[in-house]
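Structure file upload28.cif (mmCIF, C-alpha atoms) is printed below.
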```cif
data_target
#
loop_
_atom_site.label_atom_id
_atom_site.label_comp_id
_atom_site.auth_asym_id
_atom_site.auth_seq_id
_atom_site.Cartn_x
_atom_site.Cartn_y
_atom_site.Cartn_z
CA MET A 40 27.43 7.85 -8.52
CA SER A 41 24.86 5.51 -7.10
CA ARG A 42 25.55 2.49 -4.97
CA LYS A 43 23.44 -0.63 -4.84
CA TYR A 44 23.14 -3.05 -1.98
CA TYR A 45 21.14 -6.23 -1.62
CA ARG A 46 20.19 -7.01 1.95
CA PHE A 47 17.76 -9.25 3.78
CA PHE A 48 16.64 -7.93 7.17
CA GLY A 49 13.32 -9.73 7.68
CA GLY A 50 11.89 -8.88 11.07
CA LEU A 51 15.05 -7.10 12.25
CA ILE A 52 13.60 -3.65 11.81
CA LYS A 53 15.97 -1.89 14.22
CA THR A 54 18.98 -3.45 12.49
CA GLN A 55 17.76 -2.17 9.16
CA GLU A 56 17.23 1.29 10.60
CA LYS A 57 20.74 1.36 12.07
CA TRP A 58 22.23 0.24 8.77
CA LEU A 59 20.48 3.06 6.86
CA ASN A 60 21.63 5.60 9.44
CA LYS A 61 25.18 4.27 9.26
CA LEU A 62 25.21 4.76 5.49
CA ALA A 63 23.66 8.22 5.88
CA ALA A 64 26.45 9.11 8.31
CA GLU A 65 28.97 8.03 5.67
CA GLY A 66 27.25 10.21 3.07
CA TYR A 67 24.77 7.97 1.29
CA ARG A 68 21.14 8.82 0.78
CA LEU A 69 18.47 6.27 -0.10
CA ILE A 70 16.90 6.93 -3.49
CA ASN A 71 15.19 3.69 -4.40
CA THR A 72 14.14 0.38 -2.89
CA GLY A 73 13.21 -3.01 -4.34
CA LYS A 74 12.50 -6.41 -2.84
CA LEU A 75 16.03 -6.80 -1.50
CA LEU A 76 17.51 -3.77 -3.18
CA TYR A 77 18.59 -0.51 -1.62
CA GLU A 78 19.96 2.13 -3.95
CA PHE A 79 21.87 5.13 -2.65
CA GLU A 80 23.32 8.32 -4.05
CA GLU A 81 26.12 10.33 -2.54
CA CYS A 82 25.28 13.22 -0.24
CA LYS A 83 26.98 15.10 2.56
CA PRO A 84 27.74 12.89 5.56
CA ASN A 85 25.03 13.12 8.24
CA GLU A 86 22.68 15.07 6.01
CA TYR A 87 19.77 12.69 6.53
CA GLN A 88 18.30 10.54 9.27
CA TYR A 89 16.13 7.45 8.92
CA CYS A 90 13.34 5.82 10.87
CA ILE A 91 11.45 2.68 9.97
CA ASP A 92 7.83 2.18 10.90
CA PHE A 93 5.89 -1.08 10.88
CA ILE A 94 2.57 -0.52 9.11
CA ALA A 95 1.49 -4.02 7.99
CA ASP A 96 -1.58 -3.83 10.20
CA LYS A 97 -2.91 -0.72 8.53
CA SER A 98 -5.65 -0.65 5.94
CA LYS A 99 -4.79 0.81 2.57
CA TYR A 100 -6.64 4.01 3.41
CA ASN A 101 -4.90 4.48 6.76
CA ALA A 102 -1.47 3.66 5.37
CA GLU A 103 -1.92 6.31 2.69
CA SER A 104 -3.28 8.92 5.09
CA TYR A 105 -0.33 8.24 7.43
CA ARG A 106 2.08 8.68 4.51
CA GLU A 107 0.48 12.00 3.57
CA PHE A 108 0.65 13.11 7.19
CA LEU A 109 4.37 12.34 7.33
CA GLU A 110 5.05 14.06 4.03
CA GLU A 111 3.53 17.26 5.42
CA PHE A 112 6.41 17.26 7.90
CA GLY A 113 8.80 17.43 4.98
CA TYR A 114 9.79 13.80 5.40
CA ARG A 115 10.40 11.51 2.47
CA VAL A 116 8.59 8.20 2.67
CA PHE A 117 9.41 4.88 1.01
CA TYR A 118 7.29 1.78 1.23
CA LYS A 119 9.34 -1.36 1.80
CA ASN A 120 8.43 -5.03 1.96
CA ILE A 121 9.50 -6.91 5.07
CA ASN A 122 10.55 -10.01 3.06
CA LEU A 123 8.64 -12.36 5.30
CA ARG A 124 5.85 -13.25 2.97
CA TRP A 125 4.03 -16.48 3.66
CA SER A 126 0.98 -15.89 1.50
CA ILE A 127 -0.26 -18.39 -1.02
CA GLY A 128 -1.12 -16.57 -4.19
CA LYS A 129 -1.80 -12.89 -4.07
CA ALA A 130 -3.34 -12.33 -0.67
CA GLU A 131 -2.15 -12.66 2.88
CA VAL A 132 -4.50 -13.18 5.80
CA ARG A 133 -3.72 -10.94 8.76
CA PRO A 134 -6.19 -11.50 11.59
CA TRP A 135 -4.03 -9.23 13.77
CA ALA A 136 -4.50 -6.21 11.52
CA GLU A 137 -7.05 -3.43 11.86
CA LYS A 138 -10.35 -3.47 10.01
CA GLY A 139 -9.77 -3.12 6.28
CA GLY A 140 -6.24 -4.54 6.48
CA ARG A 141 -6.99 -8.15 7.35
CA ILE A 142 -6.67 -9.40 3.82
CA ALA A 143 -3.52 -7.81 2.49
CA MET A 144 -3.09 -7.63 -1.25
CA LYS A 145 -0.76 -5.93 -3.67
CA SER A 146 -3.21 -3.05 -3.86
CA SER A 147 -3.09 -2.55 -0.09
CA THR A 148 -0.19 -3.28 2.28
CA LEU A 149 1.13 -6.58 0.93
CA ASP A 150 4.84 -6.00 0.24
CA LYS A 151 4.45 -2.59 1.88
CA GLU A 152 4.83 -3.77 5.45
CA LEU A 153 7.34 -1.09 6.36
CA MET A 154 7.78 2.59 5.81
CA ILE A 155 11.27 4.00 5.57
CA ILE A 156 11.08 7.64 6.58
CA GLU A 157 13.82 10.12 5.78
CA LYS A 158 14.29 13.41 7.56
CA HIS A 159 16.71 16.22 6.86
CA ASN A 160 19.10 16.18 9.80
CA ASP A 161 18.46 19.26 11.93
CA GLY A 162 20.64 18.15 14.80
CA LYS A 163 17.78 16.77 16.85
CA PRO A 164 17.28 13.04 17.28
CA PHE A 165 14.73 11.61 14.86
CA GLU A 166 12.03 9.72 16.72
CA LEU A 167 8.55 8.86 15.55
CA ARG A 168 7.20 7.78 18.92
CA THR A 169 7.81 9.89 21.96
CA THR A 170 5.38 8.87 24.69
CA ALA A 171 5.55 5.67 26.74
CA GLU A 172 1.91 4.79 25.97
CA ASP A 173 2.44 5.12 22.25
CA ARG A 174 5.64 3.09 22.30
CA ILE A 175 3.84 0.32 24.18
CA LEU A 176 1.01 0.30 21.63
CA TYR A 177 3.50 0.17 18.77
CA ILE A 178 5.38 -2.81 20.18
CA LYS A 179 2.11 -4.64 20.72
CA ARG A 180 1.28 -4.05 17.06
CA MET A 181 4.64 -5.45 15.97
CA ARG A 182 4.35 -8.41 18.34
CA ALA A 183 0.88 -9.48 17.14
CA PRO A 184 1.90 -11.13 13.84
CA TRP A 185 4.65 -13.11 15.57
CA ILE A 186 2.20 -14.45 18.15
CA PHE A 187 -0.14 -15.44 15.34
CA MET A 188 2.63 -17.20 13.40
CA LEU A 189 3.88 -18.88 16.57
CA LEU A 190 0.44 -20.40 17.16
CA ILE A 191 0.00 -21.51 13.54
CA PHE A 192 3.47 -23.07 13.28
CA THR A 193 3.23 -24.79 16.65
CA VAL A 194 -0.18 -26.37 15.99
CA PHE A 195 0.67 -27.28 12.41
CA GLY A 196 4.17 -28.51 13.31
CA ILE A 197 2.84 -30.85 15.97
CA PHE A 198 0.04 -31.99 13.70
CA VAL A 199 2.28 -33.01 10.79
CA ARG A 200 5.25 -33.80 13.06
CA SER A 201 7.62 -31.61 11.13
CA ALA A 202 10.84 -30.42 12.76
CA THR A 203 11.25 -27.69 10.14
CA ILE A 204 7.90 -26.14 10.98
CA LEU A 205 8.62 -26.40 14.70
CA ALA A 206 11.94 -24.65 14.08
CA ALA A 207 10.01 -21.84 12.41
CA ALA A 208 7.80 -21.73 15.50
CA ALA A 209 10.93 -21.40 17.65
CA ILE A 210 12.09 -18.39 15.59
CA CYS A 211 8.68 -16.79 16.14
CA LEU A 212 9.05 -17.47 19.84
CA VAL A 213 12.37 -15.61 19.86
CA PHE A 214 10.75 -12.54 18.27
CA VAL A 215 7.78 -12.67 20.64
CA SER A 216 10.18 -12.86 23.60
CA VAL A 217 12.25 -9.92 22.39
CA PHE A 218 9.13 -7.74 22.03
CA GLN A 219 7.90 -8.99 25.39
CA ALA A 220 11.14 -7.98 27.07
CA GLU A 221 10.90 -4.53 25.47
CA LEU A 222 7.32 -4.16 26.68
CA ILE A 223 8.25 -5.05 30.25
CA MET A 224 11.10 -2.52 30.17
CA LEU A 225 8.85 0.23 28.79
CA LYS A 226 6.13 -0.42 31.33
CA LYS A 227 8.64 -0.33 34.17
CA ASN A 228 10.10 2.96 32.93
CA ALA A 229 6.62 4.43 32.49
CA GLU A 230 5.85 3.66 36.11
CA ILE A 231 9.07 5.26 37.29
CA MET A 232 8.30 8.40 35.27
CA GLU A 233 4.92 8.78 36.94
CA MET B 619 -3.78 8.39 24.84
CA ARG B 620 -4.20 7.23 28.36
CA ASP B 621 -6.24 9.98 29.94
CA ASN B 622 -7.62 9.53 33.38
CA VAL B 623 -11.33 9.33 32.65
CA LYS B 624 -12.57 9.23 36.24
CA GLY B 625 -10.43 12.03 37.62
CA GLY B 626 -10.71 13.98 34.39
CA ALA B 627 -7.00 14.69 34.18
CA LEU B 628 -5.65 14.91 30.64
CA THR B 629 -2.15 13.98 29.67
CA GLU B 630 0.06 16.93 28.91
CA VAL B 631 0.22 15.92 25.25
CA THR B 632 -3.58 15.76 24.93
CA PHE B 633 -4.04 19.14 26.60
CA TYR B 634 -1.44 20.83 24.39
CA ILE B 635 -2.94 19.35 21.24
CA LEU B 636 -6.39 20.66 22.24
CA LEU B 637 -4.93 24.10 22.98
CA SER B 638 -3.13 24.22 19.66
CA LEU B 639 -6.38 23.52 17.82
CA TYR B 640 -8.38 26.55 19.01
CA LYS B 641 -7.19 27.76 15.61
CA PRO B 642 -7.10 25.28 12.71
CA LYS B 643 -3.72 23.64 12.18
CA HIS B 644 -2.16 20.82 10.23
CA GLY B 645 0.08 18.20 11.81
CA TYR B 646 3.40 19.98 11.44
CA ALA B 647 2.00 23.25 12.82
CA ILE B 648 0.68 21.41 15.89
CA MET B 649 4.14 19.99 16.55
CA GLN B 650 5.68 23.47 16.19
CA PHE B 651 3.07 25.02 18.48
CA ILE B 652 3.89 22.52 21.21
CA GLU B 653 7.66 22.92 20.84
CA GLU B 654 7.44 26.71 20.90
CA ASN B 655 5.14 26.88 23.90
CA THR B 656 7.20 24.47 25.96
CA GLY B 657 10.56 25.88 24.89
CA GLY B 658 11.37 22.55 23.29
CA ARG B 659 10.82 20.59 26.49
CA LEU B 660 7.95 18.64 24.96
CA SER B 661 8.80 17.36 21.52
CA LEU B 662 6.32 15.09 19.78
CA GLY B 663 7.23 12.44 17.25
CA ALA B 664 5.14 12.44 14.08
CA GLY B 665 3.93 8.87 14.70
CA THR B 666 2.79 9.67 18.22
CA LEU B 667 1.06 12.85 17.05
CA TYR B 668 -0.73 10.95 14.30
CA GLY B 669 -2.03 8.38 16.79
CA ALA B 670 -3.08 11.09 19.25
CA LEU B 671 -4.96 13.06 16.59
CA ASN B 672 -6.80 9.95 15.46
CA SER B 673 -7.86 9.01 18.95
CA LEU B 674 -8.99 12.56 19.74
CA ALA B 675 -10.97 12.62 16.50
CA ASP B 676 -12.57 9.28 17.46
CA LYS B 677 -13.55 10.81 20.79
CA GLY B 678 -15.12 13.73 18.98
CA TRP B 679 -12.88 16.31 20.65
CA ILE B 680 -11.32 17.47 17.41
CA GLU B 681 -12.36 17.22 13.77
CA LEU B 682 -10.90 17.57 10.33
CA CYS B 683 -11.91 20.88 8.84
CA SER B 684 -12.18 21.60 5.13
CA GLU B 685 -8.95 21.05 3.31
CA LYS B 686 -7.46 24.42 2.62
CA ASP B 687 -5.25 24.93 -0.45
CA GLY B 688 -5.37 21.36 -1.61
CA ARG B 689 -3.83 18.47 0.27
CA LYS B 690 -2.96 19.61 3.74
CA LYS B 691 -5.39 18.31 6.32
CA GLU B 692 -6.26 20.75 9.06
CA TYR B 693 -7.78 19.91 12.41
CA LEU B 694 -9.95 22.04 14.68
CA ILE B 695 -11.23 21.60 18.23
CA THR B 696 -14.96 20.79 18.65
CA ALA B 697 -17.39 22.10 21.29
CA GLU B 698 -16.87 18.87 23.22
CA GLY B 699 -13.13 19.31 23.00
CA ARG B 700 -13.38 22.88 24.33
CA GLU B 701 -15.40 21.59 27.25
CA ALA B 702 -12.71 19.02 28.04
CA ALA B 703 -9.97 21.64 27.80
CA GLU B 704 -11.89 24.05 30.04
CA ARG B 705 -12.50 21.31 32.61
CA GLU B 706 -8.78 20.62 32.58
CA LEU B 707 -7.98 24.30 33.12
CA MET B 708 -10.32 24.39 36.15
CA ARG B 709 -8.72 21.26 37.55
CA LEU B 710 -5.27 22.78 37.13
CA HIS B 711 -6.41 26.03 38.79
CA GLU B 712 -7.67 24.07 41.75
CA LEU B 713 -4.40 22.18 41.90
CA THR B 714 -2.19 25.26 41.74
CA GLU B 715 -4.34 27.05 44.32
CA THR B 716 -3.86 24.20 46.76
CA ALA B 717 -0.16 24.07 45.96
CA ASP B 718 0.15 27.84 46.41
CA LYS B 719 -1.47 27.63 49.83
CA ILE B 720 0.97 24.96 50.94
CA ILE B 721 4.24 25.84 49.26
CA GLY B 722 3.53 29.24 47.77
CA GLY B 723 4.44 31.29 50.85
CA ALA B 724 7.84 29.70 51.16
CA LEU B 725 8.86 30.58 47.61
#
```
Translate the structure described by the file into C-alpha cells.
Amino acid sequence: MSRKYYRFFGGLIKTQEKWLNKLAAEGYRLINTGKLLYEFEECKPNEYQYCIDFIADKSKYNAESYREFLEEFGYRVFYKNINLRWSIGKAEVRPWAEKGGRIAMKSSTLDKELMIIEKHNDGKPFELRTTAEDRILYIKRMRAPWIFMLLIFTVFGIFVRSATILAAAAICLVFVSVFQAELIMLKKNAEIME
Amino acid sequence: MRDNVKGGALTEVTFYILLSLYKPKHGYAIMQFIEENTGGRLSLGAGTLYGALNSLADKGWIELCSEKDGRKKEYLITAEGREAAERELMRLHELTETADKIIGGAL
C-alpha cells in the first residue's frame, strides 16, 4: 500500500533528507514526487538510504550527465523542485549559476533544483561529498542564490519601503549566515586535518 | 581539487584517480579501485568523484574514451596525466628516501 505525504521544505535541504531517511528506517521507500507530494511504498525497514543534492546551478546538460553518472552507481535519482520559485512567467534568472544554467526554464533545471538520490543500504554511511575541499565548494554553491536574493530584497525593500520585502531579506540573511557558519567550521576542520 | 601547483604535490584522491585510469574505467569502477587499494580507508562519495573527474578532464589529465556497450562513460589517463602521476611518484620516492634515512633505521 502506498502512502502519500504533502510537505514543504523550501531551503531546508538537510531537514528534508533526514525526513526521507527517517521514513526509510520505518520501512517506506520513495516512489514518486510532485510539487509538494512525496509518495512511498512499503519496504523492509532500513533497506534504502537517501541523500539530497542541490543542482539548481547546473546547466541542463550537466544536470543530465550528473544524473547518468549517479545511475551508473546503481543509485535511483529523482528530480525535485525546491518550492522557492520567484520567477515571473516561465523562466528564472540565476546569475549565480554556471554557464548554460543562468536562465532556468522548464526544459532545464527550473523546478528541478534538487536531486533526491536513493541507495540500497549496504551498511556504510551514504555520503556524496567526502573531501573538505569539495564540501566547501558545495556549500558555496548553495549559499550563492541566498546572497543574490538577499541583495535584491534589501535594495528593493529599501527602495519601495516595504516591510514584507525586508522581512524576506532577513530570511535570506538567516540562510546566508547558516551556510557561512558551516563554511567556517569546515575550513577550520580542514586546517586541523592538514 | 586543491593540488599544490608549485610544489607539485597531488592530493591523495587525485593521485589514486590517475592511477585507476591507466586502464579505462567508469565512475563506479574508479570508486571500487580506490576502496580496494586502500582497504576501504579512502572512500569517495559519488558527488566528489564527479567533481574531481570533471576538473581533471578540464586540466587535460584524463579524457572520456569511446563509450563502450552503450551508455557507460569511461575515462582514461592522457599523456599529460601520466607525466603528472610519474612526477608524483618521483616526489614520493624522494620523500620516503629522506624519511627512511631519518626514521628508517629505528624501525
Could you put an axis-aligned box around every listed atom of segment 195-200 of chain A, padded by 5 Å on each side, and send me its centre and edge lengths in Å to one decimal, as JSON?
```
{"center_x": 2.6, "center_y": -30.5, "center_z": 13.4, "size_x": 15.2, "size_y": 16.5, "size_z": 15.2}
```
*asked:* Residues proximal to (16.9, 11.7, -2.7) were defined as those with any atom within 12 Å of that point in the file's coordinates, counting all atoms listed in the file. Which are they, as a count of residues only?
replied: 25
*Tell me the residues of chain A close to chain B, meaning within 10 Å using only C-alpha atoms, as a ChimeraX atom specification.*
/A:92,104-105,107-114,165-174,176-177
_Selection near segment 49-59 of chain A, 7 Å with all atoms listed in the file, sequence-local residues under 3 positions removed, as a PyMOL selection string_ = chain A and resi 62-63+89-91+121-123
*Please evaluate the PyMOL selection byres ((chain A and resi 218-223) around 8) against the displayed coordinates and give the resulting residues as JSON, numbers by chain.*
{"A": [175, 178, 179, 181, 182, 214, 215, 216, 217, 224, 225, 226, 227]}
Using all atoms listed in the file, can you list as a compact mmCIF listing (two decimals) with C-alpha atoms, in the frame of the given file the residues within 9 Å of (1.3, 21.8, 21.0)?
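Final file, point30.txt:
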```txt
# COMPACT_ATOMS: atom_id res chain seq x y z
CA VAL B 631 0.22 15.92 25.25
CA THR B 632 -3.58 15.76 24.93
CA PHE B 633 -4.04 19.14 26.60
CA TYR B 634 -1.44 20.83 24.39
CA ILE B 635 -2.94 19.35 21.24
CA LEU B 636 -6.39 20.66 22.24
CA LEU B 637 -4.93 24.10 22.98
CA SER B 638 -3.13 24.22 19.66
CA LEU B 639 -6.38 23.52 17.82
CA ALA B 647 2.00 23.25 12.82
CA ILE B 648 0.68 21.41 15.89
CA MET B 649 4.14 19.99 16.55
CA GLN B 650 5.68 23.47 16.19
CA PHE B 651 3.07 25.02 18.48
CA ILE B 652 3.89 22.52 21.21
CA GLU B 653 7.66 22.92 20.84
CA GLU B 654 7.44 26.71 20.90
CA ASN B 655 5.14 26.88 23.90
CA THR B 656 7.20 24.47 25.96
CA LEU B 660 7.95 18.64 24.96
CA SER B 661 8.80 17.36 21.52
CA LEU B 662 6.32 15.09 19.78
```
